[in-house]
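Asks: One structure, pasted below without further comment.
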Amino acid sequence: MSGPLAVMAVLLAETAVGGTVVTLTSGVHGKVRRGFLVLSGVILALCAWGAWATARAAVGATPSAAQARMVTALGVFAGVLTLWQLAVLARLAVERVIGLGAAAVGVVALGTVALARGTGVVLAGVELATGAFFLGSALYGLLLGHWYLVERRLSNSHMVRSAMLYAAGVGAAIVGAVLSAQHPTPVATGFSPFLAVPGFSLLLVAGLVAICALIAGFVWKLAQEGGRSIQAATGMFYLAVIMAFSAELSSKVGFFG
């Protein structure tokens, strides 16, 4: 299992799992309108189904046992995440429980992705966890910033917390970048000839994460100010998401060797 499809499966899985965990543990549940959970949940469910579809295509017609378990786990995660959204739309009292269950299933699914690599499973799991937190916190901040256009009287404390989560996510990305150095990009990646240059992907990750750290400082300052500065912080999160996905792509190019 290698190539662009495998890498995209990893990125989509990280986004779905990280975004679900961050959304359900950030303290917005019950504090913002239900529509925010629908907005976030639908996007996360689409990412989860995308991860399942690309992973299924990447393993081909004759997957190994570990790869088959990975595809199954990603499919189950996508299904439970979709069930959570149905529960939110139906206003069921147990929707939060289902959501937390989806997050737990997602963490297990990431574990099966680590097992599918076959070597360095523990470090692979840590690398996936840091990437999930990084991407999930960036996406959460972007969606929350837009939600302030819907709930204009929403306290800026949620955006401040989002800035803190993103800053922590950048710290996690640094750990992930260090771990990615243990499996440098192979000669042929299928993405770009530049990424095939020895050490180039690691330099790219370092530069992009450094930019994300700079963005985190701006987001923190703007979130503290509140008011119209929330819109500026949201604009910074646009850059954060672009840079975060680019950094993770560069970091995970050699994930499966």
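Letters A, B, ... mark the chains of the structure tokens in the order given; residue numbers begin at 1 per chain; ligand numbers begin at 1, in order shown.
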Can you pull out the residues contacting Leu144 (chain A)? Cut-off 10 Å, using only C-alpha atoms, and skip same-chain residues under 2 positions away; I want them as a PDB file with N, CA, C and O atoms, in the first residue's frame.
Replies:
ATOM      1  N   THR A  23     -13.919  18.605  18.210  1.00  0.00           N
ATOM      2  CA  THR A  23     -15.256  19.206  18.253  1.00  0.00           C
ATOM      3  C   THR A  23     -16.037  18.763  19.483  1.00  0.00           C
ATOM      4  O   THR A  23     -16.713  19.572  20.130  1.00  0.00           O
ATOM      5  N   VAL A  28     -17.863  23.262  23.126  1.00  0.00           N
ATOM      6  CA  VAL A  28     -18.915  23.998  22.407  1.00  0.00           C
ATOM      7  C   VAL A  28     -20.254  23.281  22.453  1.00  0.00           C
ATOM      8  O   VAL A  28     -21.286  23.889  22.183  1.00  0.00           O
ATOM      9  N   VAL A  32     -23.343  26.323  21.673  1.00  0.00           N
ATOM     10  CA  VAL A  32     -23.651  26.940  20.379  1.00  0.00           C
ATOM     11  C   VAL A  32     -24.875  26.241  19.799  1.00  0.00           C
ATOM     12  O   VAL A  32     -25.285  25.171  20.273  1.00  0.00           O
ATOM     13  N   PHE A  36     -24.088  24.149  14.289  1.00  0.00           N
ATOM     14  CA  PHE A  36     -22.630  24.041  14.208  1.00  0.00           C
ATOM     15  C   PHE A  36     -22.191  22.582  14.209  1.00  0.00           C
ATOM     16  O   PHE A  36     -21.253  22.210  13.499  1.00  0.00           O
ATOM     17  N   LEU A  39     -22.909  21.348  10.704  1.00  0.00           N
ATOM     18  CA  LEU A  39     -21.891  21.834   9.776  1.00  0.00           C
ATOM     19  C   LEU A  39     -20.595  21.035   9.923  1.00  0.00           C
ATOM     20  O   LEU A  39     -20.043  20.530   8.935  1.00  0.00           O
ATOM     21  N   SER A  40     -20.125  20.906  11.145  1.00  0.00           N
ATOM     22  CA  SER A  40     -18.868  20.186  11.388  1.00  0.00           C
ATOM     23  C   SER A  40     -19.019  18.704  11.095  1.00  0.00           C
ATOM     24  O   SER A  40     -18.159  18.096  10.446  1.00  0.00           O
ATOM     25  N   LEU A 139      -9.001  22.654  11.306  1.00  0.00           N
ATOM     26  CA  LEU A 139     -10.327  22.648  10.687  1.00  0.00           C
ATOM     27  C   LEU A 139     -11.389  23.153  11.654  1.00  0.00           C
ATOM     28  O   LEU A 139     -12.278  23.927  11.272  1.00  0.00           O
ATOM     29  N   TYR A 140     -11.289  22.753  12.912  1.00  0.00           N
ATOM     30  CA  TYR A 140     -12.250  23.194  13.924  1.00  0.00           C
ATOM     31  C   TYR A 140     -12.226  24.715  14.060  1.00  0.00           C
ATOM     32  O   TYR A 140     -13.272  25.368  14.114  1.00  0.00           O
ATOM     33  N   GLY A 141     -11.019  25.296  14.108  1.00  0.00           N
ATOM     34  CA  GLY A 141     -10.908  26.743  14.242  1.00  0.00           C
ATOM     35  C   GLY A 141     -11.521  27.474  13.064  1.00  0.00           C
ATOM     36  O   GLY A 141     -12.191  28.502  13.233  1.00  0.00           O
ATOM     37  N   LEU A 142     -11.310  26.952  11.862  1.00  0.00           N
ATOM     38  CA  LEU A 142     -11.880  27.582  10.664  1.00  0.00           C
ATOM     39  C   LEU A 142     -13.404  27.555  10.694  1.00  0.00           C
ATOM     40  O   LEU A 142     -14.062  28.574  10.441  1.00  0.00           O
ATOM     41  N   HIS A 146     -16.200  30.817  11.253  1.00  0.00           N
ATOM     42  CA  HIS A 146     -17.332  31.119  10.379  1.00  0.00           C
ATOM     43  C   HIS A 146     -18.651  31.117  11.145  1.00  0.00           C
ATOM     44  O   HIS A 146     -19.589  31.848  10.784  1.00  0.00           O
ATOM     45  N   TRP A 147     -18.743  30.288  12.176  1.00  0.00           N
ATOM     46  CA  TRP A 147     -19.999  30.211  12.915  1.00  0.00           C
ATOM     47  C   TRP A 147     -20.297  31.498  13.683  1.00  0.00           C
ATOM     48  O   TRP A 147     -21.450  31.778  13.995  1.00  0.00           O
ATOM     49  N   TYR A 148     -19.281  32.289  13.952  1.00  0.00           N
ATOM     50  CA  TYR A 148     -19.508  33.578  14.609  1.00  0.00           C
ATOM     51  C   TYR A 148     -20.329  34.520  13.726  1.00  0.00           C
ATOM     52  O   TYR A 148     -20.905  35.497  14.220  1.00  0.00           O
ATOM     53  N   LEU A 149     -20.381  34.254  12.431  1.00  0.00           N
ATOM     54  CA  LEU A 149     -21.234  35.048  11.546  1.00  0.00           C
ATOM     55  C   LEU A 149     -22.702  34.694  11.738  1.00  0.00           C
ATOM     56  O   LEU A 149     -23.593  35.480  11.398  1.00  0.00           O
ATOM     57  N   HIS A 158     -14.742  30.888  23.214  1.00  0.00           N
ATOM     58  CA  HIS A 158     -14.643  29.675  22.399  1.00  0.00           C
ATOM     59  C   HIS A 158     -13.546  29.817  21.345  1.00  0.00           C
ATOM     60  O   HIS A 158     -12.813  28.861  21.067  1.00  0.00           O
ATOM     61  N   MET A 159     -13.417  31.019  20.778  1.00  0.00           N
ATOM     62  CA  MET A 159     -12.365  31.241  19.787  1.00  0.00           C
ATOM     63  C   MET A 159     -10.993  31.245  20.456  1.00  0.00           C
ATOM     64  O   MET A 159     -10.004  30.785  19.866  1.00  0.00           O
ATOM     65  N   SER A 162     -10.119  27.782  20.926  1.00  0.00           N
ATOM     66  CA  SER A 162      -9.754  27.220  19.633  1.00  0.00           C
ATOM     67  C   SER A 162      -8.311  27.586  19.276  1.00  0.00           C
ATOM     68  O   SER A 162      -7.561  26.759  18.735  1.00  0.00           O
ATOM     69  N   ILE A 230     -12.464  38.615  15.364  1.00  0.00           N
ATOM     70  CA  ILE A 230     -12.786  37.205  15.161  1.00  0.00           C
ATOM     71  C   ILE A 230     -12.785  36.895  13.662  1.00  0.00           C
ATOM     72  O   ILE A 230     -12.321  35.832  13.235  1.00  0.00           O
ATOM     73  N   THR A 234     -10.451  34.255  11.715  1.00  0.00           N
ATOM     74  CA  THR A 234     -10.964  33.246  10.786  1.00  0.00           C
ATOM     75  C   THR A 234     -10.182  33.266   9.482  1.00  0.00           C
ATOM     76  O   THR A 234      -9.871  32.229   8.904  1.00  0.00           O
ATOM     77  N   PHE A 237      -7.144  31.449   9.907  1.00  0.00           N
ATOM     78  CA  PHE A 237      -7.372  30.003   9.933  1.00  0.00           C
ATOM     79  C   PHE A 237      -7.458  29.423   8.520  1.00  0.00           C
ATOM     80  O   PHE A 237      -7.206  28.236   8.323  1.00  0.00           O
TER      81      PHE A 237
END
Asks: Leu110 (chain A): which residues within 8 Å, counting only C-alpha atoms, same-chain residues fewer than 2 positions away excluded, as a ChimeraX atom specification?
Replies: /A:13-14,17,106-108,112-114,125,128-129
Asks: Grab the CA of Leu143 (chain A) to CA of Ala48 (chain A) distance for me, in Å with one decimal place.
Replies: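 We find that CA of Leu143 (chain A) and CA of Ala48 (chain A) lie 17.1 Å from each other.
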Asks: Near Thr15 (chain A), within 7 Å and counting only C-alpha atoms, which residues show up once chain neighbours fewer than 6 positions away are dropped, as a PyMOL selection string?
Replies: chain A and resi 47+132+135-136
Asks: With a distance cut-off of 7 Å and only C-alpha atoms, select the neighbouring residues of Val219 (chain A), excluding the residue or stretch itself and same-chain residues fewer than 3 positions from it, and output the selection as a ChimeraX atom specification.
Replies: /A:163,215-216,222-223,233,236
Asks: Mind writing the picked residues with C-alpha atoms as a tab-separated table (two decimals), in the first residue's frame?
Replies:
chain	number	residue	atom	x	y	z
A	163	ALA	CA	-6.55	29.27	19.30
A	215	ILE	CA	-0.16	31.93	12.31
A	216	ALA	CA	-0.99	30.49	15.76
A	222	LEU	CA	-6.92	38.29	17.40
A	223	ALA	CA	-9.11	35.87	19.35
A	233	ALA	CA	-8.74	35.30	13.09
A	236	MET	CA	-5.83	33.44	9.46
Asks: Determine, counting only C-alpha atoms, which protein, DNA and RNA residues have an atom within 9 Å of an atom of Leu100 (chain A); residues of the same chain fewer than 2 positions away are not included. Present the result as an mmCIF file with N, CA, C and O atoms, in the first residue's frame.
Replies:
data_model
loop_
_atom_site.group_PDB
_atom_site.id
_atom_site.type_symbol
_atom_site.label_atom_id
_atom_site.label_comp_id
_atom_site.auth_asym_id
_atom_site.auth_seq_id
_atom_site.Cartn_x
_atom_site.Cartn_y
_atom_site.Cartn_z
ATOM 1 N N THR A 20 -13.313 15.236 14.837
ATOM 2 C CA THR A 20 -14.389 14.716 15.686
ATOM 3 C C THR A 20 -14.026 14.829 17.158
ATOM 4 O O THR A 20 -14.829 15.283 17.985
ATOM 5 N N VAL A 21 -12.814 14.418 17.504
ATOM 6 C CA VAL A 21 -12.374 14.475 18.904
ATOM 7 C C VAL A 21 -12.343 15.916 19.405
ATOM 8 O O VAL A 21 -12.841 16.217 20.499
ATOM 9 N N LEU A 24 -15.933 17.480 19.817
ATOM 10 C CA LEU A 24 -16.735 16.945 20.917
ATOM 11 C C LEU A 24 -16.113 17.184 22.294
ATOM 12 O O LEU A 24 -16.786 16.986 23.309
ATOM 13 N N THR A 25 -14.863 17.596 22.348
ATOM 14 C CA THR A 25 -14.208 17.814 23.643
ATOM 15 C C THR A 25 -13.801 19.269 23.870
ATOM 16 O O THR A 25 -13.186 19.575 24.893
ATOM 17 N N TRP A 84 -24.112 9.512 14.052
ATOM 18 C CA TRP A 84 -24.105 10.663 14.975
ATOM 19 C C TRP A 84 -24.837 11.846 14.358
ATOM 20 O O TRP A 84 -25.630 12.516 15.024
ATOM 21 N N GLU A 95 -27.412 11.758 21.362
ATOM 22 C CA GLU A 95 -26.533 12.114 20.238
ATOM 23 C C GLU A 95 -25.107 12.375 20.694
ATOM 24 O O GLU A 95 -24.159 12.036 19.992
ATOM 25 N N ARG A 96 -24.912 12.955 21.874
ATOM 26 C CA ARG A 96 -23.551 13.208 22.356
ATOM 27 C C ARG A 96 -22.835 11.890 22.650
ATOM 28 O O ARG A 96 -21.640 11.751 22.368
ATOM 29 N N VAL A 97 -23.567 10.943 23.208
ATOM 30 C CA VAL A 97 -22.977 9.625 23.493
ATOM 31 C C VAL A 97 -22.546 8.958 22.190
ATOM 32 O O VAL A 97 -21.456 8.373 22.108
ATOM 33 N N ILE A 98 -23.399 9.038 21.177
ATOM 34 C CA ILE A 98 -23.063 8.456 19.876
ATOM 35 C C ILE A 98 -21.839 9.165 19.283
ATOM 36 O O ILE A 98 -20.953 8.528 18.708
ATOM 37 N N ALA A 102 -18.323 7.591 18.268
ATOM 38 C CA ALA A 102 -17.702 7.742 16.946
ATOM 39 C C ALA A 102 -16.251 8.160 17.087
ATOM 40 O O ALA A 102 -15.369 7.675 16.354
ATOM 41 N N ALA A 103 -15.973 9.059 18.026
ATOM 42 C CA ALA A 103 -14.598 9.495 18.251
ATOM 43 C C ALA A 103 -13.729 8.326 18.702
ATOM 44 O O ALA A 103 -12.585 8.168 18.243
ATOM 45 N N ALA A 104 -14.269 7.498 19.589
ATOM 46 C CA ALA A 104 -13.520 6.331 20.074
ATOM 47 C C ALA A 104 -13.247 5.344 18.946
ATOM 48 O O ALA A 104 -12.134 4.810 18.818
ATOM 49 N N VAL A 105 -14.261 5.116 18.111
ATOM 50 C CA VAL A 105 -14.081 4.221 16.962
ATOM 51 C C VAL A 105 -13.036 4.786 16.013
ATOM 52 O O VAL A 105 -12.216 4.049 15.444
#
Asks: Please return as a PyMOL selection string: the residues of region 83-227 of chain A that backbone DSSP assigns to helix (DSSP H, G or I).
Replies: chain A and resi 83-89+95-117+121-147+157-180+193-196+200-225
Asks: Can you work out which one of A:Ala51, A:Val94, A:Ala206, A:Ala57 has the shortest atom-to-atom distance to Gly75 (chain A), counting only C-alpha atoms?
Replies: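 With only C-alpha atoms as the atom set, the closest residue is A:Ala51.
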